[in-house]
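Have a look at query.cif below; it lists mmCIF, C-alpha atoms; chains and numbers go by the auth columns.
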data_run
#
loop_
_atom_site.group_PDB
_atom_site.id
_atom_site.type_symbol
_atom_site.label_atom_id
_atom_site.label_comp_id
_atom_site.label_asym_id
_atom_site.label_seq_id
_atom_site.Cartn_x
_atom_site.Cartn_y
_atom_site.Cartn_z
_atom_site.B_iso_or_equiv
_atom_site.auth_seq_id
_atom_site.auth_asym_id
ATOM 1 C CA MET A 1 0.889 -27.971 -8.179 0.00 269 A
ATOM 2 C CA ASN A 2 0.473 -28.574 -11.908 0.00 270 A
ATOM 3 C CA ILE A 3 2.688 -27.017 -14.576 0.00 271 A
ATOM 4 C CA ALA A 4 0.069 -24.475 -15.755 0.00 272 A
ATOM 5 C CA ALA A 5 -0.625 -23.259 -12.201 0.00 273 A
ATOM 6 C CA ASP A 6 3.110 -23.096 -11.470 0.00 274 A
ATOM 7 C CA SER A 7 3.699 -21.076 -14.665 0.00 275 A
ATOM 8 C CA LYS A 8 0.875 -18.690 -13.832 0.00 276 A
ATOM 9 C CA LYS A 9 2.256 -18.178 -10.324 0.00 277 A
ATOM 10 C CA ARG A 10 5.756 -17.493 -11.713 0.00 278 A
ATOM 11 C CA ILE A 11 4.338 -14.994 -14.223 0.00 279 A
ATOM 12 C CA PHE A 12 2.324 -13.287 -11.494 0.00 280 A
ATOM 13 C CA GLU A 13 5.284 -12.992 -9.106 0.00 281 A
ATOM 14 C CA THR A 14 7.599 -11.636 -11.820 0.00 282 A
ATOM 15 C CA ALA A 15 4.966 -9.180 -13.065 0.00 283 A
ATOM 16 C CA SER A 16 4.400 -8.017 -9.463 0.00 284 A
ATOM 17 C CA GLU A 17 8.097 -7.208 -9.091 0.00 285 A
ATOM 18 C CA LEU A 18 8.278 -5.462 -12.475 0.00 286 A
ATOM 19 C CA PHE A 19 5.092 -3.419 -11.976 0.00 287 A
ATOM 20 C CA SER A 20 6.273 -2.438 -8.504 0.00 288 A
ATOM 21 C CA GLU A 21 9.613 -1.289 -9.898 0.00 289 A
ATOM 22 C CA PHE A 22 8.488 0.342 -13.157 0.00 290 A
ATOM 23 C CA GLY A 23 4.742 0.973 -12.811 0.00 291 A
ATOM 24 C CA PHE A 24 2.013 0.060 -15.280 0.00 292 A
ATOM 25 C CA LEU A 25 3.235 2.276 -18.107 0.00 293 A
ATOM 26 C CA GLY A 26 6.887 1.328 -17.625 0.00 294 A
ATOM 27 C CA ILE A 27 6.512 -2.326 -18.490 0.00 295 A
ATOM 28 C CA SER A 28 5.056 -4.254 -21.424 0.00 296 A
ATOM 29 C CA MET A 29 3.829 -7.814 -21.835 0.00 297 A
ATOM 30 C CA GLY A 30 6.788 -8.359 -24.144 0.00 298 A
ATOM 31 C CA SER A 31 9.271 -7.273 -21.483 0.00 299 A
ATOM 32 C CA ILE A 32 7.555 -9.494 -18.888 0.00 300 A
ATOM 33 C CA ALA A 33 7.786 -12.457 -21.282 0.00 301 A
ATOM 34 C CA LYS A 34 11.425 -11.643 -22.029 0.00 302 A
ATOM 35 C CA HIS A 35 12.220 -11.381 -18.337 0.00 303 A
ATOM 36 C CA LEU A 36 10.666 -14.827 -17.808 0.00 304 A
ATOM 37 C CA ASN A 37 12.312 -16.241 -20.933 0.00 305 A
ATOM 38 C CA ILE A 38 8.944 -17.332 -22.346 0.00 306 A
ATOM 39 C CA THR A 39 6.965 -16.369 -25.423 0.00 307 A
ATOM 40 C CA LYS A 40 4.302 -13.671 -25.363 0.00 308 A
ATOM 41 C CA ALA A 41 1.830 -16.369 -26.430 0.00 309 A
ATOM 42 C CA ALA A 42 2.633 -18.318 -23.249 0.00 310 A
ATOM 43 C CA LEU A 43 2.051 -15.151 -21.248 0.00 311 A
ATOM 44 C CA TYR A 44 -1.268 -14.424 -22.970 0.00 312 A
ATOM 45 C CA TYR A 45 -2.354 -18.015 -22.315 0.00 313 A
ATOM 46 C CA HIS A 46 -2.556 -17.136 -18.612 0.00 314 A
ATOM 47 C CA PHE A 47 -3.524 -13.448 -18.760 0.00 315 A
ATOM 48 C CA LYS A 48 -5.520 -11.984 -21.636 0.00 316 A
ATOM 49 C CA SER A 49 -4.033 -8.493 -21.261 0.00 317 A
ATOM 50 C CA LYS A 50 -1.511 -6.385 -19.357 0.00 318 A
ATOM 51 C CA LYS A 51 -4.443 -4.617 -17.705 0.00 319 A
ATOM 52 C CA GLU A 52 -5.887 -7.880 -16.372 0.00 320 A
ATOM 53 C CA LEU A 53 -2.492 -8.867 -14.994 0.00 321 A
ATOM 54 C CA TYR A 54 -1.933 -5.430 -13.454 0.00 322 A
ATOM 55 C CA LEU A 55 -5.366 -5.395 -11.778 0.00 323 A
ATOM 56 C CA LYS A 56 -4.652 -8.823 -10.263 0.00 324 A
ATOM 57 C CA VAL A 57 -1.278 -7.545 -9.018 0.00 325 A
ATOM 58 C CA LEU A 58 -2.964 -4.463 -7.481 0.00 326 A
ATOM 59 C CA GLU A 59 -5.618 -6.594 -5.803 0.00 327 A
ATOM 60 C CA ASN A 60 -3.000 -8.921 -4.339 0.00 328 A
ATOM 61 C CA SER A 61 -0.798 -6.035 -3.202 0.00 329 A
ATOM 62 C CA TYR A 62 -3.617 -4.323 -1.362 0.00 330 A
ATOM 63 C CA GLU A 63 -4.744 -7.578 0.254 0.00 331 A
ATOM 64 C CA ASN A 64 -1.167 -7.848 1.528 0.00 332 A
ATOM 65 C CA LEU A 65 -1.354 -4.243 2.740 0.00 333 A
ATOM 66 C CA PHE A 66 -4.443 -4.986 4.843 0.00 334 A
ATOM 67 C CA LYS A 67 -2.602 -7.902 6.463 0.00 335 A
ATOM 68 C CA THR A 68 0.604 -5.897 6.889 0.00 336 A
ATOM 69 C CA ILE A 69 -0.856 -2.782 8.508 0.00 337 A
ATOM 70 C CA ASN A 70 -2.456 -4.853 11.254 0.00 338 A
ATOM 71 C CA ARG A 71 0.558 -7.131 11.841 0.00 339 A
ATOM 72 C CA GLY A 72 1.578 -6.985 15.473 0.00 340 A
ATOM 73 C CA VAL A 73 -0.861 -4.204 16.319 0.00 341 A
ATOM 74 C CA GLU A 74 -3.028 -6.533 18.438 0.00 342 A
ATOM 75 C CA GLN A 75 -0.014 -7.547 20.566 0.00 343 A
ATOM 76 C CA ALA A 76 1.100 -3.970 21.291 0.00 344 A
ATOM 77 C CA GLU A 77 0.514 -2.958 24.908 0.00 345 A
ATOM 78 C CA THR A 78 -0.350 0.725 24.604 0.00 346 A
ATOM 79 C CA SER A 79 -2.372 2.743 22.138 0.00 347 A
ATOM 80 C CA GLU A 80 0.775 4.723 21.232 0.00 348 A
ATOM 81 C CA GLN A 81 2.582 1.445 20.405 0.00 349 A
ATOM 82 C CA LYS A 82 -0.375 0.306 18.313 0.00 350 A
ATOM 83 C CA LEU A 83 -0.463 3.589 16.427 0.00 351 A
ATOM 84 C CA SER A 84 3.321 3.500 15.949 0.00 352 A
ATOM 85 C CA LEU A 85 3.136 -0.042 14.535 0.00 353 A
ATOM 86 C CA LEU A 86 0.254 0.903 12.268 0.00 354 A
ATOM 87 C CA ILE A 87 2.310 3.793 10.868 0.00 355 A
ATOM 88 C CA GLN A 88 5.506 1.755 10.570 0.00 356 A
ATOM 89 C CA ASN A 89 3.746 -1.156 8.856 0.00 357 A
ATOM 90 C CA TYR A 90 2.092 1.163 6.334 0.00 358 A
ATOM 91 C CA LEU A 91 5.386 2.910 5.567 0.00 359 A
ATOM 92 C CA CYS A 92 7.203 -0.434 5.165 0.00 360 A
ATOM 93 C CA PHE A 93 4.576 -1.667 2.728 0.00 361 A
ATOM 94 C CA GLY A 94 4.508 1.625 0.856 0.00 362 A
ATOM 95 C CA LEU A 95 8.265 1.696 0.378 0.00 363 A
ATOM 96 C CA LYS A 96 8.222 -1.865 -0.915 0.00 364 A
ATOM 97 C CA GLU A 97 5.336 -1.120 -3.269 0.00 365 A
ATOM 98 C CA LYS A 98 6.089 2.552 -3.994 0.00 366 A
ATOM 99 C CA ASN A 99 5.061 2.425 -7.660 0.00 367 A
ATOM 100 C CA LEU A 100 1.749 0.840 -6.751 0.00 368 A
ATOM 101 C CA ILE A 101 1.212 3.577 -4.156 0.00 369 A
ATOM 102 C CA LYS A 102 2.214 6.204 -6.755 0.00 370 A
ATOM 103 C CA SER A 103 -0.408 4.796 -9.114 0.00 371 A
ATOM 104 C CA CYS A 104 -3.079 5.886 -6.618 0.00 372 A
ATOM 105 C CA PHE A 105 -1.924 9.484 -6.657 0.00 373 A
ATOM 106 C CA LEU A 106 -0.086 10.367 -9.822 0.00 374 A
ATOM 107 C CA LYS A 107 -2.906 9.830 -12.262 0.00 375 A
ATOM 108 C CA SER A 108 -1.553 9.548 -15.759 0.00 376 A
ATOM 109 C CA PRO A 109 -3.819 10.557 -18.635 0.00 377 A
ATOM 110 C CA ASP A 110 -2.415 7.510 -20.404 0.00 378 A
ATOM 111 C CA LEU A 111 -3.926 5.146 -17.838 0.00 379 A
ATOM 112 C CA ASP A 112 -7.099 3.286 -18.597 0.00 380 A
ATOM 113 C CA PHE A 113 -10.213 4.552 -16.764 0.00 381 A
ATOM 114 C CA GLU A 114 -10.846 1.069 -15.385 0.00 382 A
ATOM 115 C CA ILE A 115 -7.419 1.119 -13.710 0.00 383 A
ATOM 116 C CA ILE A 116 -8.036 4.618 -12.339 0.00 384 A
ATOM 117 C CA ASP A 117 -11.438 3.560 -10.934 0.00 385 A
ATOM 118 C CA TYR A 118 -9.970 0.367 -9.539 0.00 386 A
ATOM 119 C CA THR A 119 -7.168 2.194 -7.715 0.00 387 A
ATOM 120 C CA ALA A 120 -9.664 4.769 -6.414 0.00 388 A
ATOM 121 C CA ASN A 121 -11.810 1.958 -4.957 0.00 389 A
ATOM 122 C CA LEU A 122 -8.761 0.343 -3.391 0.00 390 A
ATOM 123 C CA ARG A 123 -7.873 3.705 -1.887 0.00 391 A
ATOM 124 C CA LYS A 124 -11.350 3.950 -0.339 0.00 392 A
ATOM 125 C CA LYS A 125 -10.866 0.480 1.173 0.00 393 A
ATOM 126 C CA ILE A 126 -7.522 1.556 2.649 0.00 394 A
ATOM 127 C CA ASN A 127 -9.165 4.649 4.181 0.00 395 A
ATOM 128 C CA THR A 128 -11.953 2.521 5.657 0.00 396 A
ATOM 129 C CA GLN A 129 -9.531 -0.067 7.055 0.00 397 A
ATOM 130 C CA PHE A 130 -7.221 2.571 8.501 0.00 398 A
ATOM 131 C CA GLN A 131 -10.159 4.482 10.000 0.00 399 A
ATOM 132 C CA ALA A 132 -11.431 1.291 11.676 0.00 400 A
ATOM 133 C CA SER A 133 -7.973 0.618 13.107 0.00 401 A
ATOM 134 C CA LEU A 134 -7.701 4.184 14.434 0.00 402 A
ATOM 135 C CA LYS A 135 -11.169 3.952 15.979 0.00 403 A
ATOM 136 C CA GLU A 136 -10.083 0.881 17.953 0.00 404 A
ATOM 137 C CA ILE A 137 -6.857 2.571 19.053 0.00 405 A
ATOM 138 C CA PHE A 138 -8.644 5.766 20.107 0.00 406 A
ATOM 139 C CA LYS A 139 -11.186 3.793 22.160 0.00 407 A
ATOM 140 C CA GLU A 140 -8.371 2.804 24.510 0.00 408 A
ATOM 141 C CA LYS A 141 -7.372 6.384 25.319 0.00 409 A
ATOM 142 C CA LYS A 142 -9.314 9.509 25.886 0.00 410 A
ATOM 143 C CA TRP A 143 -8.881 11.967 23.072 0.00 411 A
ATOM 144 C CA LYS A 144 -9.069 15.693 23.695 0.00 412 A
ATOM 145 C CA GLY A 145 -12.313 16.923 22.222 0.00 413 A
ATOM 146 C CA ASN A 146 -14.158 15.044 19.536 0.00 414 A
ATOM 147 C CA VAL A 147 -12.001 13.049 17.164 0.00 415 A
ATOM 148 C CA ASP A 148 -12.761 13.502 13.513 0.00 416 A
ATOM 149 C CA LEU A 149 -11.683 10.025 12.402 0.00 417 A
ATOM 150 C CA LYS A 150 -12.098 10.844 8.739 0.00 418 A
ATOM 151 C CA PHE A 151 -9.838 13.889 8.981 0.00 419 A
ATOM 152 C CA THR A 152 -7.305 12.088 11.191 0.00 420 A
ATOM 153 C CA THR A 153 -7.184 9.181 8.745 0.00 421 A
ATOM 154 C CA LEU A 154 -6.707 11.523 5.787 0.00 422 A
ATOM 155 C CA PHE A 155 -3.994 13.415 7.679 0.00 423 A
ATOM 156 C CA LEU A 156 -2.067 10.274 8.599 0.00 424 A
ATOM 157 C CA LEU A 157 -2.399 8.609 5.197 0.00 425 A
ATOM 158 C CA GLY A 158 -1.583 11.863 3.398 0.00 426 A
ATOM 159 C CA THR A 159 1.521 12.382 5.531 0.00 427 A
ATOM 160 C CA MET A 160 2.703 8.804 5.047 0.00 428 A
ATOM 161 C CA ASP A 161 1.897 8.752 1.338 0.00 429 A
ATOM 162 C CA GLY A 162 3.823 12.001 0.919 0.00 430 A
ATOM 163 C CA LEU A 163 6.857 10.429 2.581 0.00 431 A
ATOM 164 C CA ILE A 164 6.555 7.333 0.375 0.00 432 A
ATOM 165 C CA LEU A 165 6.147 9.388 -2.798 0.00 433 A
ATOM 166 C CA GLU A 166 9.115 11.584 -1.930 0.00 434 A
ATOM 167 C CA ALA A 167 11.273 8.538 -1.214 0.00 435 A
ATOM 168 C CA GLY A 168 10.184 6.913 -4.483 0.00 436 A
ATOM 169 C CA LEU A 169 10.438 9.966 -6.719 0.00 437 A
ATOM 170 C CA PHE A 170 13.815 11.109 -5.399 0.00 438 A
ATOM 171 C CA ASN A 171 15.202 7.642 -4.591 0.00 439 A
ATOM 172 C CA LYS A 172 15.662 8.644 -0.942 0.00 440 A
ATOM 173 C CA LYS A 173 16.097 6.364 2.028 0.00 441 A
ATOM 174 C CA LEU A 174 13.487 6.663 4.741 0.00 442 A
ATOM 175 C CA ASN A 175 14.096 5.971 8.414 0.00 443 A
ATOM 176 C CA ILE A 176 10.724 4.426 9.217 0.00 444 A
ATOM 177 C CA LYS A 177 11.079 4.396 13.013 0.00 445 A
ATOM 178 C CA LYS A 178 12.206 8.029 13.052 0.00 446 A
ATOM 179 C CA LYS A 179 9.361 9.159 10.763 0.00 447 A
ATOM 180 C CA SER A 180 6.846 7.176 12.818 0.00 448 A
ATOM 181 C CA SER A 181 8.119 8.862 15.968 0.00 449 A
ATOM 182 C CA GLN A 182 7.840 12.302 14.342 0.00 450 A
ATOM 183 C CA ILE A 183 4.259 11.628 13.249 0.00 451 A
ATOM 184 C CA LEU A 184 3.379 10.411 16.753 0.00 452 A
ATOM 185 C CA LYS A 185 4.826 13.592 18.278 0.00 453 A
ATOM 186 C CA ILE A 186 2.392 15.609 16.175 0.00 454 A
ATOM 187 C CA ILE A 187 -0.559 13.465 17.281 0.00 455 A
ATOM 188 C CA SER A 188 0.392 12.658 20.898 0.00 456 A
ATOM 189 C CA PRO A 189 -0.464 16.043 22.472 0.00 457 A
ATOM 190 C CA ASN A 190 -4.077 15.267 21.646 0.00 458 A
ATOM 191 C CA PHE A 191 -4.101 12.248 23.935 0.00 459 A
ATOM 192 C CA GLU A 192 -5.268 12.837 27.492 0.00 460 A
ATOM 193 C CA LYS A 193 -3.524 10.694 30.044 0.00 461 A
ATOM 194 C CA VAL A 194 -5.898 8.233 31.639 0.00 462 A
ATOM 195 C CA GLU A 195 -5.324 7.828 35.369 0.00 463 A
#
Now that the file is in, can you turn its structure into structure tokens?
Amino acid sequence: MNIAADSKKRIFETASELFSEFGFLGISMGSIAKHLNITKAALYYHFKSKKELYLKVLENSYENLFKTINRGVEQAETSEQKLSLLIQNYLCFGLKEKNLIKSCFLKSPDLDFEIIDYTANLRKKINTQFQASLKEIFKEKKWKGNVDLKFTTLFLLGTMDGLILEAGLFNKKLNIKKKSSQILKIISPNFEKVE
């Protein structure tokens, strides 16, 4: 790896950590440069603006989310285990990236419209991905009545996002396995046992 690529990667990783901890409005290019012990000019050599850097961080974070939410789900033996893993993986990611998750919901009037649109599009992709995962899980079991995948997806994501936001806003610890189990208890009565 050459020096310029290595520097860009270091900047990106540091900015990812800082944006995740402080959000877009809580960090400046100057503070990123200071944290890296480089000049702002060196920072601007690689990224023309804080917005460009933030959008790249968001894109990377959500690509990681798509990988994370499906991790291990294919190896699970039952549909309940798959659903539990899906929930746990989403909560784990959300707690790690709580400020990026907050950016999707707590719209600040100070945020740029391009960032707001970008996060809204990422949110749509998450809904689509989650809905596809749920569809596969529900195929394996009979579901009482007709499943409204859109509503079920919104319910699950809304519940999990609420837990993540509460943990982030009030600096609370979250027992992921316990919360996953509680969510499953709400959903499980809708599964019919297949003989």
All residues 8 Å or closer to range 422-430 of chain A, only C-alpha atoms, same chain fewer than 6 positions away omitted, as a PyMOL selection string
chain A and resi 355+358-359+362+369+395+451
Between A:Asn305, A:Gln397, A:Thr421, A:Asn328, which one has atoms that come closest to Ile279 in chain A, using all atoms listed in the file?
A:Asn305
Closest atom pairs, residues of range 383-450 of chain A within 12 Å of range 311-320 of chain A, all atoms listed in the file, as CSV:
residue,atom,partner,partner_atom,distance
A:Ile383,CA,A:Lys319,CA,7.6
A:Ile384,CA,A:Lys319,CA,11.3
A:Tyr386,CA,A:Lys319,CA,11.0
Could you tell me which residues the PyMOL selection byres ((chain A and resi 299) around 12) grabs in this file, written as a count of residues only?
23
A:Tyr330, A:Lys453, A:Asn443, A:Leu437: which is nearest Lys392 in chain A, counting all atoms listed in the file?
A:Tyr330
Between CA of Glu345 in chain A and CA of Ile405 in chain A - distance in Å to one decimal:
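Taking CA of Ile405 in chain A and CA of Glu345 in chain A, their separation equals 10.9 Å.
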Please, what distance in Å, to one decimal, runs between CA of Phe361 in chain A and CA of Gln450 in chain A?
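Between CA of Phe361 in chain A and CA of Gln450 in chain A the gap is 18.5 Å.
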How many Å lie between CA of Phe280 in chain A and CA of Ile444 in chain A, rounded to one decimal?
28.5 Å
Kindly indicate which residue among A:Leu354, A:Leu363, A:Val341, A:Leu333 lies nearest to Ile394 in chain A, using only C-alpha atoms for the distances.
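Nearest candidate to Ile394 in chain A out of A:Leu354, A:Leu363, A:Val341, A:Leu333: A:Leu333.
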Check the smallest atom-to-atom distance from each of A:Asn357, A:Leu321, A:Gly291, A:Phe334 to Lys393 in chain A using all atoms listed in the file, then report the winner.
A:Phe334
Expected residue set, 6 Å radius at (-7.2, -3.6, -1.9), all atoms listed in the file, as an MDAnalysis selection string
chainID A and resid 327 330:331 390
Taking (-3.3, -2.5, -10.1) in the file's coordinates as the center, which residues reach within 7 Å of it, counting all atoms listed in the file, put as number ranges by chain?
A: 322-327, 368, 383, 387
Write the residues of the preceding selection, restricted to C-alpha atoms, as a short mmCIF file (atom, residue, chain, number, x, y, z; two decimals), in the frame of the given file.
data_model
loop_
_atom_site.label_atom_id
_atom_site.label_comp_id
_atom_site.auth_asym_id
_atom_site.auth_seq_id
_atom_site.Cartn_x
_atom_site.Cartn_y
_atom_site.Cartn_z
CA TYR A 322 -1.93 -5.43 -13.45
CA LEU A 323 -5.37 -5.40 -11.78
CA LYS A 324 -4.65 -8.82 -10.26
CA VAL A 325 -1.28 -7.54 -9.02
CA LEU A 326 -2.96 -4.46 -7.48
CA GLU A 327 -5.62 -6.59 -5.80
CA LEU A 368 1.75 0.84 -6.75
CA ILE A 383 -7.42 1.12 -13.71
CA THR A 387 -7.17 2.19 -7.72
#
Nearest to Glu365 in chain A by atom-to-atom distance, counting all atoms listed in the file, from A:Glu408, A:Glu434, A:Glu289, A:Asp385
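When distances to Glu365 in chain A are compared using all atoms listed in the file, the smallest one comes from A:Glu289.
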